[in-house]
file input_32.cif (mmCIF, C-alpha atoms)
data_protein
#
loop_
_atom_site.label_atom_id
_atom_site.label_comp_id
_atom_site.auth_asym_id
_atom_site.auth_seq_id
_atom_site.Cartn_x
_atom_site.Cartn_y
_atom_site.Cartn_z
CA MET A 1 -54.16 153.43 82.99
CA ARG A 2 -57.75 154.44 82.39
CA TYR A 3 -58.63 150.81 81.56
CA TRP A 4 -57.39 149.46 84.91
CA LYS A 5 -60.94 148.91 86.24
CA VAL A 6 -61.84 146.80 83.21
CA ILE A 7 -58.65 144.79 83.57
CA VAL A 8 -59.25 144.19 87.29
CA LEU A 9 -62.88 143.18 86.65
CA ALA A 10 -61.84 140.74 83.92
CA ALA A 11 -59.19 139.24 86.19
CA ILE A 12 -61.74 138.74 88.97
CA VAL A 13 -64.17 137.01 86.59
CA ILE A 14 -61.44 134.73 85.21
CA LEU A 15 -60.17 133.95 88.70
CA GLY A 16 -63.70 133.17 89.90
CA ILE A 17 -64.41 130.81 87.01
CA GLY A 18 -61.03 129.14 87.42
CA THR A 19 -61.61 128.67 91.13
CA TYR A 20 -65.03 127.14 90.39
CA TYR A 21 -63.57 124.48 88.10
CA ILE A 22 -60.57 123.78 90.34
CA GLN A 23 -62.81 123.29 93.37
CA ASN A 24 -65.08 120.96 91.41
CA ALA A 25 -62.12 118.97 90.13
CA PHE A 26 -60.89 118.30 93.66
CA ALA A 27 -64.21 118.17 95.48
CA SER A 28 -66.44 116.20 93.09
CA PRO A 29 -67.00 112.70 94.45
CA ASP A 30 -67.58 109.56 92.45
CA TYR A 31 -71.31 110.04 91.96
CA PRO A 32 -73.69 107.13 91.43
CA GLU A 33 -75.76 106.82 88.28
CA PHE A 34 -79.51 106.39 88.76
CA HIS A 35 -82.09 104.96 86.38
CA LEU A 36 -85.79 104.13 86.54
CA GLU A 37 -86.31 100.37 86.64
CA LYS A 38 -89.67 99.00 85.50
CA VAL A 39 -91.53 96.74 87.92
CA SER A 40 -94.74 96.40 85.91
CA GLY A 41 -96.89 98.21 83.36
CA ASP A 42 -96.47 100.16 80.14
CA GLU A 43 -93.02 101.74 79.77
CA GLY A 44 -94.38 104.03 77.08
CA VAL A 45 -95.92 106.33 79.70
CA VAL A 46 -92.46 107.19 81.10
CA ASP A 47 -90.69 107.82 77.78
CA GLY A 48 -88.75 111.08 78.05
CA LEU A 49 -89.51 111.47 81.75
CA ILE A 50 -87.01 113.58 83.72
CA PHE A 51 -86.67 113.57 87.52
CA MET A 52 -85.31 116.52 89.50
CA GLY A 53 -84.34 116.48 93.14
CA SER A 54 -81.54 116.53 95.69
CA TYR A 55 -78.77 114.03 96.38
CA ILE A 56 -77.39 114.01 99.94
CA ASP A 57 -74.46 111.93 101.17
CA ASN A 58 -74.48 112.04 104.96
CA TYR A 59 -71.08 110.36 105.25
CA LYS A 60 -69.36 113.02 103.18
CA GLU A 61 -71.61 115.84 104.44
CA PHE A 62 -72.56 117.26 101.09
CA GLY A 63 -75.68 117.59 99.02
CA GLU A 64 -76.60 119.07 95.69
CA ASP A 65 -79.25 119.18 92.99
CA VAL A 66 -79.53 116.28 90.57
CA ARG A 67 -81.36 115.67 87.29
CA ILE A 68 -82.06 112.08 86.21
CA THR A 69 -82.87 111.58 82.52
CA PRO A 70 -83.41 108.30 80.62
CA GLU A 71 -79.82 108.59 79.36
CA ASP A 72 -77.85 110.15 82.20
CA THR A 73 -77.62 111.37 85.79
CA ILE A 74 -76.47 115.00 85.94
CA TYR A 75 -75.29 116.62 89.17
CA GLN A 76 -75.09 120.35 89.70
CA SER A 77 -71.32 120.32 90.22
CA GLU A 78 -70.88 118.55 86.87
CA ARG A 79 -72.56 121.34 84.96
CA SER A 80 -70.57 124.22 83.52
CA TYR A 81 -70.20 127.50 85.38
CA PHE A 82 -72.31 129.32 82.80
CA ASP A 83 -75.03 126.64 82.75
CA ASN A 84 -75.43 126.99 86.51
CA MET A 85 -75.47 130.78 86.19
CA THR A 86 -78.08 130.91 83.43
CA GLU A 87 -80.22 127.82 84.01
CA GLY A 88 -79.44 125.91 87.14
CA PHE A 89 -82.05 123.32 88.08
CA GLN A 90 -84.97 125.69 87.75
CA ASP A 91 -88.70 125.04 87.74
CA SER A 92 -89.47 122.92 84.65
CA THR A 93 -92.53 125.05 83.83
CA ILE A 94 -90.46 128.24 83.78
CA LYS A 95 -87.74 126.53 81.77
CA ARG A 96 -90.28 125.45 79.15
CA LEU A 97 -91.75 128.95 78.92
CA GLN A 98 -88.31 130.50 78.55
CA SER A 99 -87.51 128.06 75.76
CA ASP A 100 -90.80 128.49 73.89
CA TYR A 101 -91.35 132.24 74.47
CA ARG A 102 -87.87 133.64 74.99
CA LYS A 103 -88.68 137.26 74.13
CA PHE A 104 -91.84 137.40 76.24
CA MET A 105 -90.12 135.85 79.28
CA ARG A 106 -87.34 138.43 79.46
CA GLY A 107 -87.40 140.32 82.76
CA LYS A 108 -90.10 138.12 84.32
CA ASN A 109 -89.77 136.64 87.78
CA GLU A 110 -89.40 132.86 87.89
CA SER A 111 -92.45 132.05 89.98
CA SER A 112 -94.95 129.82 88.16
CA SER A 113 -97.77 131.25 90.26
CA SER A 114 -97.48 134.53 88.29
CA PHE A 115 -98.44 132.86 84.98
CA PHE A 116 -101.58 131.59 83.27
CA GLU A 117 -101.58 129.66 80.01
CA ASP A 118 -104.17 128.26 77.63
CA ASP A 119 -104.10 127.35 73.93
CA LYS A 120 -104.32 130.98 72.79
CA ARG A 121 -102.60 133.08 75.48
CA LEU A 122 -99.80 133.32 77.97
CA ILE A 123 -100.53 135.83 80.74
CA TYR A 124 -98.14 137.22 83.36
CA ALA A 125 -99.09 139.24 86.45
CA ASP A 126 -96.87 140.71 89.12
CA THR A 127 -96.94 143.52 91.65
CA PHE A 128 -95.30 146.91 91.30
CA GLY A 129 -94.60 149.71 93.76
CA LYS A 130 -92.15 150.40 96.53
CA GLU A 131 -93.93 148.12 98.99
CA SER A 132 -95.21 145.74 96.26
CA ASP A 133 -98.76 146.76 97.10
CA GLU A 134 -99.57 149.66 94.80
CA GLY A 135 -100.84 147.68 91.86
CA PHE A 136 -100.28 145.03 89.21
CA LYS A 137 -98.41 144.95 85.94
CA ILE A 138 -99.96 142.55 83.43
CA GLU A 139 -98.55 141.29 80.13
CA MET A 140 -100.39 139.07 77.66
CA LEU A 141 -98.94 137.16 74.72
CA ASP A 142 -101.23 136.22 71.84
CA LYS A 143 -99.79 132.89 70.66
CA GLU A 144 -101.38 133.14 67.21
CA THR A 145 -100.13 136.64 66.33
CA ASN A 146 -97.09 136.65 68.65
CA GLU A 147 -98.12 140.14 69.77
CA THR A 148 -97.80 141.32 73.36
CA THR A 149 -100.01 143.78 75.19
CA ASP A 150 -99.30 145.16 78.64
CA PHE A 151 -100.85 147.53 81.14
CA GLN A 152 -100.74 148.46 84.80
CA VAL A 153 -103.59 148.54 87.29
CA GLU A 154 -103.47 150.53 90.50
CA ILE A 155 -105.25 149.20 93.57
CA PRO A 156 -106.95 151.52 96.07
CA GLU A 157 -105.00 152.71 99.10
CA ASN A 158 -105.37 150.32 101.99
CA ASN A 159 -103.57 149.00 105.04
CA ILE A 160 -101.68 146.24 103.22
CA ASN A 161 -98.12 145.76 104.42
CA TYR A 162 -97.26 143.24 101.72
CA LEU A 163 -98.99 141.10 99.12
CA ASN A 164 -97.82 138.11 97.13
CA VAL A 165 -99.33 136.69 93.90
CA VAL A 166 -100.26 133.04 94.47
CA ASP A 167 -102.41 132.29 91.40
CA VAL A 168 -103.43 133.78 88.04
CA GLN A 169 -106.52 132.72 86.09
CA ALA A 170 -108.36 134.19 83.12
CA ASP A 171 -111.47 133.88 81.00
CA GLU A 172 -112.30 135.64 77.74
CA LYS A 173 -112.96 139.00 79.41
CA ASP A 174 -111.14 139.13 82.73
CA VAL A 175 -107.94 138.24 84.56
CA PHE A 176 -108.27 136.94 88.12
CA ILE A 177 -105.23 137.55 90.35
CA THR A 178 -105.30 135.75 93.70
CA THR A 179 -102.98 137.21 96.32
CA ARG A 180 -102.00 136.50 99.88
CA ASN A 181 -102.09 139.84 101.71
CA PHE A 182 -100.56 140.79 105.05
CA TYR A 183 -101.89 143.85 106.80
CA THR A 184 -102.59 145.56 110.12
CA HIS A 185 -106.09 146.83 110.87
CA ASP A 186 -105.11 148.60 114.07
CA PRO A 187 -101.58 150.11 114.16
CA ASN A 188 -101.77 150.24 117.97
CA LYS A 189 -102.01 146.46 118.21
CA PRO A 190 -99.05 144.14 117.53
CA GLU A 191 -100.88 141.35 115.76
CA THR A 192 -101.10 141.30 112.01
CA GLU A 193 -103.63 139.61 109.79
CA GLU A 194 -103.36 137.71 106.55
CA GLY A 195 -105.95 137.07 103.94
CA TYR A 196 -106.65 135.94 100.40
CA HIS A 197 -107.88 138.51 97.88
CA VAL A 198 -109.04 137.96 94.31
CA TYR A 199 -108.59 140.99 92.06
CA ARG A 200 -110.73 140.89 88.93
CA ILE A 201 -109.34 142.99 86.07
CA ASN A 202 -110.96 143.66 82.70
CA ILE A 203 -108.69 142.71 79.82
CA GLU A 204 -110.11 145.15 77.24
CA ASN A 205 -109.76 148.40 79.21
CA GLY A 206 -107.37 147.34 82.00
CA SER A 207 -109.68 148.45 84.80
CA LEU A 208 -110.02 146.96 88.26
CA ILE A 209 -113.56 145.55 88.45
CA ASP A 210 -113.48 144.01 91.89
CA ASP A 211 -111.30 143.34 94.92
CA GLU A 212 -112.89 140.34 96.62
CA VAL A 213 -111.66 139.53 100.13
CA ILE A 214 -112.34 135.81 100.25
CA PHE A 215 -110.83 134.95 103.64
CA GLU A 216 -109.06 136.65 106.56
CA ASN A 217 -107.08 135.08 109.36
CA LYS A 218 -105.37 136.52 112.45
CA THR A 219 -101.78 135.38 112.78
CA ASP A 220 -101.21 136.22 116.45
CA HIS A 221 -100.23 133.34 118.75
CA SER A 222 -102.51 132.90 121.69
CA ASP A 223 -103.57 130.12 124.06
CA LYS A 224 -100.53 128.15 122.92
CA GLY A 225 -101.92 127.80 119.43
CA TRP A 226 -102.77 129.59 116.23
CA THR A 227 -104.22 129.14 112.75
CA GLU A 228 -102.28 129.33 109.51
CA LEU A 229 -103.31 129.61 105.85
CA VAL A 230 -101.83 127.20 103.29
CA GLU A 231 -102.39 127.19 99.50
CA VAL A 232 -103.43 123.80 98.14
CA ASN A 233 -103.37 124.52 94.39
CA ASN A 234 -100.20 123.37 92.64
CA ASP A 235 -98.35 126.55 91.65
CA THR A 236 -96.43 124.79 88.85
CA ASP A 237 -99.70 124.00 87.04
CA ILE A 238 -100.47 127.20 85.13
CA GLY A 239 -103.50 125.92 83.22
CA LYS A 240 -107.14 126.78 83.83
CA GLU A 241 -108.69 125.91 87.18
CA ASP A 242 -112.22 126.89 88.24
CA TYR A 243 -111.33 126.85 91.94
CA PHE A 244 -108.70 128.31 94.22
CA VAL A 245 -108.33 125.89 97.12
CA PHE A 246 -106.69 126.58 100.46
CA ARG A 247 -106.78 125.20 103.95
CA LEU A 248 -106.76 126.65 107.45
CA ASP A 249 -104.48 124.66 109.75
CA HIS A 250 -105.20 124.61 113.48
CA ILE A 251 -101.83 124.36 115.24
CA LYS A 252 -101.37 123.67 118.94
CA GLU A 253 -98.38 123.66 121.22
CA VAL A 254 -97.66 120.25 122.68
CA GLY A 255 -94.75 119.00 124.73
CA GLU A 256 -93.08 115.96 126.18
CA TYR A 257 -90.14 115.07 128.39
CA ASP A 258 -86.99 113.84 126.71
CA GLU A 259 -84.55 111.24 128.02
CA TYR A 260 -83.00 113.82 130.35
CA ASP A 261 -86.39 114.75 131.84
CA ASP A 262 -86.28 118.14 130.14
CA TYR A 263 -89.56 119.41 128.79
CA GLU A 264 -89.44 120.10 125.07
CA THR A 265 -92.05 122.04 123.16
CA TYR A 266 -93.42 120.88 119.82
CA TYR A 267 -96.12 122.14 117.52
CA LYS A 268 -98.69 119.91 115.90
CA THR A 269 -101.37 120.52 113.28
CA GLU A 270 -104.43 119.11 114.99
CA SER A 271 -106.91 119.63 112.17
CA SER A 272 -107.40 121.42 108.85
CA ASP A 273 -110.40 123.14 107.31
CA PHE A 274 -110.51 123.17 103.49
CA PHE A 275 -112.07 125.99 101.47
CA ALA A 276 -112.64 126.51 97.75
CA TYR A 277 -113.31 129.80 95.96
CA HIS A 278 -115.04 129.56 92.56
CA PHE A 279 -113.84 132.24 90.12
CA GLY A 280 -116.96 132.12 87.97
CA THR A 281 -119.53 132.58 90.76
CA ASN A 282 -117.35 134.46 93.31
CA GLU A 283 -118.51 131.96 95.92
CA LEU A 284 -116.44 130.58 98.79
CA LYS A 285 -117.45 127.30 100.35
CA GLU A 286 -116.02 125.01 102.97
CA LEU A 287 -115.26 121.54 101.71
CA LYS A 288 -116.71 118.78 103.86
CA ILE A 289 -113.62 116.60 103.81
CA PRO A 290 -113.54 114.00 106.60
CA ASP A 291 -110.90 114.72 109.25
CA GLU A 292 -110.25 111.06 109.90
CA GLY A 293 -107.44 109.86 107.65
CA LEU A 294 -107.35 113.12 105.67
CA GLY A 295 -106.61 116.75 106.35
CA ALA A 296 -103.98 117.68 108.88
CA ASP A 297 -101.23 115.24 107.98
CA LYS A 298 -102.10 114.62 104.32
CA THR A 299 -101.00 116.62 101.31
CA ALA A 300 -103.84 117.52 98.95
CA TYR A 301 -103.69 118.07 95.18
CA VAL A 302 -106.12 120.09 93.05
CA HIS A 303 -106.96 119.24 89.45
CA GLU A 304 -109.99 120.07 87.26
CA GLY A 305 -112.53 120.61 90.01
CA ALA A 306 -111.37 117.83 92.34
CA VAL A 307 -109.13 117.51 95.39
CA TYR A 308 -107.00 114.36 95.59
CA PHE A 309 -105.46 112.59 98.59
CA LEU A 310 -103.28 109.50 98.95
CA ASN A 311 -103.54 107.06 101.84
CA LYS A 312 -101.16 104.18 102.50
CA THR A 313 -102.76 100.74 102.98
CA LYS A 314 -101.52 97.22 103.72
CA SER A 315 -101.76 96.18 100.06
CA GLY A 316 -100.53 99.46 98.54
CA PHE A 317 -102.39 102.76 98.73
CA GLU A 318 -105.74 104.32 97.98
CA LEU A 319 -106.53 107.32 95.81
CA ILE A 320 -109.24 109.55 97.29
CA ARG A 321 -111.02 112.04 95.02
CA TYR A 322 -113.27 114.79 96.44
CA GLN A 323 -115.43 116.45 93.77
CA MET A 324 -115.87 120.10 94.75
CA ASP A 325 -119.08 120.86 92.87
CA ASN A 326 -121.18 118.18 94.57
CA GLY A 327 -119.09 117.01 97.53
CA GLU A 328 -118.86 113.44 96.23
CA LEU A 329 -116.03 111.39 97.75
CA ASN A 330 -114.65 108.41 95.81
CA THR A 331 -111.92 105.98 96.87
CA THR A 332 -109.94 103.74 94.50
CA GLU A 333 -107.74 100.97 95.84
CA VAL A 334 -104.33 100.76 94.17
CA PRO A 335 -102.60 97.45 94.93
CA THR A 336 -98.84 97.47 94.43
CA THR A 337 -95.76 95.50 95.42
CA LEU A 338 -93.81 98.74 96.07
CA ASP A 339 -93.99 100.98 99.11
CA LEU A 340 -95.67 104.37 99.16
CA TYR A 341 -93.01 106.11 101.25
CA ASP A 342 -93.84 108.74 103.83
CA GLY A 343 -91.12 111.06 102.57
CA ASN A 344 -91.48 113.51 99.70
CA ILE A 345 -94.57 112.59 97.66
CA PHE A 346 -96.55 114.57 95.10
CA ILE A 347 -98.83 114.18 92.08
CA VAL A 348 -98.21 115.51 88.56
CA PHE A 349 -101.11 115.43 86.09
CA HIS A 350 -100.01 114.95 82.49
CA ASP A 351 -101.68 113.69 79.32
CA GLY A 352 -104.53 111.92 81.11
CA LYS A 353 -102.20 110.26 83.64
CA MET A 354 -101.32 110.86 87.27
CA TYR A 355 -97.59 110.59 87.99
CA ILE A 356 -96.79 109.93 91.66
CA PRO A 357 -93.08 109.95 92.55
CA ASN A 358 -92.12 109.51 96.18
CA SER A 359 -88.88 109.32 98.12
CA SER A 360 -87.87 107.43 101.23
CA LEU A 361 -86.71 109.32 104.30
CA GLU A 362 -84.43 106.42 105.18
CA GLY A 363 -82.28 105.95 102.10
CA SER A 364 -81.65 106.34 98.39
CA THR A 365 -84.81 104.53 97.32
CA ALA A 366 -87.55 106.27 95.36
CA ASN A 367 -90.57 104.87 93.53
CA LEU A 368 -92.86 106.04 90.75
CA PHE A 369 -96.53 105.15 90.25
CA VAL A 370 -98.51 106.15 87.16
CA LEU A 371 -102.31 105.98 87.30
CA ASP A 372 -104.99 106.51 84.70
CA GLU A 373 -106.60 109.83 85.58
CA LYS A 374 -110.20 108.74 84.91
CA THR A 375 -110.19 105.30 86.46
CA GLY A 376 -107.40 105.59 89.03
CA LYS A 377 -106.01 102.24 87.84
CA LEU A 378 -102.27 101.59 87.99
CA VAL A 379 -100.70 101.59 84.52
CA TYR A 380 -97.02 101.64 85.52
CA GLU A 381 -94.85 101.17 88.59
CA GLY A 382 -91.09 101.50 88.82
CA LYS A 383 -88.28 102.11 91.25
CA MET A 384 -85.15 104.22 91.12
CA SER A 385 -82.03 102.05 91.04
CA ALA A 386 -78.36 102.98 91.41
CA ASP A 387 -75.33 101.45 89.70
CA ARG A 388 -73.87 100.44 93.09
CA GLU A 389 -74.77 99.73 96.69
CA LEU A 390 -75.39 102.96 98.62
CA GLU A 391 -75.38 103.58 102.36
CA ASN A 392 -76.49 106.65 104.29
CA VAL A 393 -77.43 108.41 101.07
CA PHE A 394 -80.69 110.28 100.54
CA LEU A 395 -82.27 110.84 97.09
CA ASP A 396 -85.13 113.33 97.35
CA LEU A 397 -87.27 113.70 94.20
CA ASN A 398 -89.25 116.92 94.08
CA GLU A 399 -90.18 117.59 90.45
CA LEU A 400 -90.95 115.90 87.13
CA ALA A 401 -90.56 117.17 83.59
CA PHE A 402 -91.56 115.70 80.23
CA GLU A 403 -89.46 115.94 77.07
#

call {"tool": "encode", "arguments": {"input": "input_32.cif", "output": "structure tokens"}}
result
Amino acid sequence: MRYWKVIVLAAIVILGIGTYYIQNAFASPDYPEFHLEKVSGDEGVVDGLIFMGSYIDNYKEFGEDVRITPEDTIYQSERSYFDNMTEGFQDSTIKRLQSDYRKFMRGKNESSSSFFEDDKRLIYADTFGKESDEGFKIEMLDKETNETTDFQVEIPENNINYLNVVDVQADEKDVFITTRNFYTHDPNKPETEEGYHVYRINIENGSLIDDEVIFENKTDHSDKGWTELVEVNNDTDIGKEDYFVFRLDHIKEVGEYDEYDDYETYYKTESSDFFAYHFGTNELKELKIPDEGLGADKTAYVHEGAVYFLNKTKSGFELIRYQMDNGELNTTEVPTTLDLYDGNIFIVFHDGKMYIPNSSLEGSTANLFVLDEKTGKLVYEGKMSADRELENVFLDLNELAFE
């Protein structure tokens, strides 16, 4: 009888797996197949392209993750129990790192913002300590020798309640860890503050060289409004960037009467201030980005010293590039026969191209635009098509991967 616990545990596992497959067998609907249909341009730039997102059927009140490859459409419920346990539909950057550097990636958290990668190194940084604010643990993989070095760095005692790693960069000598810190300066006052810090750590001896407080912001709500910090850098891009870019949103309480003459409160971002911190010079500067047409209601994208915006126009859309070193603002018109939807839209930079997928908030339609990174010219446009007519279905694309 001494093995009864093992027997019970095995029975529970078998029952759980069996229940999973039985539920899927009865609950799985007849899913549509999606494929990318070319409208114009060079199909070679989308070879091996994989879309990830969510599929929501409002009639049947269900939704789940979906992966669309050139060959197939794979829904989460169609994957095996063990595939969903071990992989799921995880961040494509993390999945690539786990495939290429399996041993190094063991025990690491799955946040891309904790990694930095160049041709020679893969670097990981995370916090340690009971309150996650006592220091950093850093591991570095030499890609040429396949050797790993690791060390820990304590940070001085302070009034930090919590800190979160939002970016990791490195040069030949130092690692730069950007964190978002939450703290209380005066324990007798209820409001807390948040701020961005950049910790500079020497690679050779593992010492903390500097703790640069680059921006602080009070988070208390007053006068029916407040300000809020938002990271602009893409956390799935773990390559070298000279700047850490963030914005300060100014949010105000607004209200209006509904159809029953009841007053409802809403919150609106009235304006946004953009800032860029340069790792090499330790300088923080405000970016003079025009408020009109940009800022508060536009998503920004950072790549190789520039901030990018997209604006919808009557003939398509325009690509706006703000160069951070000199403040130069350039606009490129992109004519297209497809819509730039106001739903989920983002930019992925890959192999000298800009991939812009976007989803409609009103249905299953999604489009893809591919631009030349240097010229901003359209080199491909396509739309996501289903193998049947769909109603009240929402396809939300939120990530791209390249085979």

call {"tool": "resolve_selection", "arguments": {"input": "input_32.cif", "expression": "the PyMOL selection byres ((chain A and resi 314) around 10)", "output": "list of chain:residue names"}}
result
A:Lys312, A:Thr313, A:Ser315, A:Gly316, A:Phe317, A:Pro335, A:Thr336, A:Asp339

call {"tool": "closest_residue", "arguments": {"input": "input_32.cif", "among": "A:Thr236, A:Asn326, A:Thr127, A:Thr73", "to": "Phe51 of chain A", "atoms": "only C-alpha atoms"}}
result
A:Thr73

call {"tool": "resolve_selection", "arguments": {"input": "input_32.cif", "expression": "the PyMOL selection byres ((chain A and resi 165) around 9)", "output": "ChimeraX atom specification"}}
result
/A:113-114,125-127,163-164,166-168,177-181

call {"tool": "atom_distance", "arguments": {"input": "input_32.cif", "atom1": "atom CA of Leu340 of chain A", "atom2": "atom CA of His303 of chain A"}}
result
21.0 Å

call {"tool": "resolve_selection", "arguments": {"input": "input_32.cif", "expression": "the PyMOL selection byres ((chain A and resi 134-146) around 7)", "output": "number ranges by chain"}}
result
A: 120-129, 132-133, 147-155

call {"tool": "residues_around", "arguments": {"input": "input_32.cif", "residues": "Glu212 of chain A", "least_positions_apart": "6", "cutoff": "9 Å", "atoms": "only C-alpha atoms", "output": "ChimeraX atom specification"}}
result
/A:196-200,282

call {"tool": "atom_distance", "arguments": {"input": "input_32.cif", "atom1": "atom CA of Glu333 of chain A", "atom2": "atom CA of Lys288 of chain A"}}
result
21.5 Å

call {"tool": "closest_residue", "arguments": {"input": "input_32.cif", "among": "A:Val307, A:Ile214, A:Ile289, A:Leu229", "to": "Tyr277 of chain A", "atoms": "all atoms listed in the file"}}
result
A:Ile214

call {"tool": "atom_distance", "arguments": {"input": "input_32.cif", "atom1": "atom CA of Asp273 of chain A", "atom2": "atom CA of Phe246 of chain A"}}
result
8.5 Å

call {"tool": "closest_residue", "arguments": {"input": "input_32.cif", "among": "A:Lys240, A:Lys353, A:Lys252, A:His278", "to": "Glu117 of chain A", "atoms": "only C-alpha atoms"}}
result
A:Lys240

call {"tool": "residues_near_point", "arguments": {"input": "input_32.cif", "point": "(-110.8, 116.2, 89.7)", "cutoff": "12 Å", "atoms": "all atoms listed in the file", "output": "count of residues only"}}
result
32

call {"tool": "residues_around", "arguments": {"input": "input_32.cif", "residues": "Phe346 of chain A", "least_positions_apart": "2", "cutoff": "8 Å", "atoms": "all atoms listed in the file", "output": "ChimeraX atom specification"}}
result
/A:299,301,344,348,356-358,398

call {"tool": "closest_residue", "arguments": {"input": "input_32.cif", "among": "A:Asp171, A:Glu110, A:Glu78, A:Asp342", "to": "Gly280 of chain A", "atoms": "only C-alpha atoms"}}
result
A:Asp171

call {"tool": "closest_residue", "arguments": {"input": "input_32.cif", "among": "A:Ala366, A:Met52, A:Ile160, A:Val379", "to": "Val393 of chain A", "atoms": "all atoms listed in the file"}}
result
A:Ala366

call {"tool": "axis_aligned_box", "arguments": {"input": "input_32.cif", "around": "segment 388-397 of chain A", "padding_each_side": "5 Å", "output": "lines of an AutoDock Vina configuration file"}}
result
center_x = -80.6
center_y = 106.7
center_z = 98.7
size_x = 23.4
size_y = 24.0
size_z = 21.2
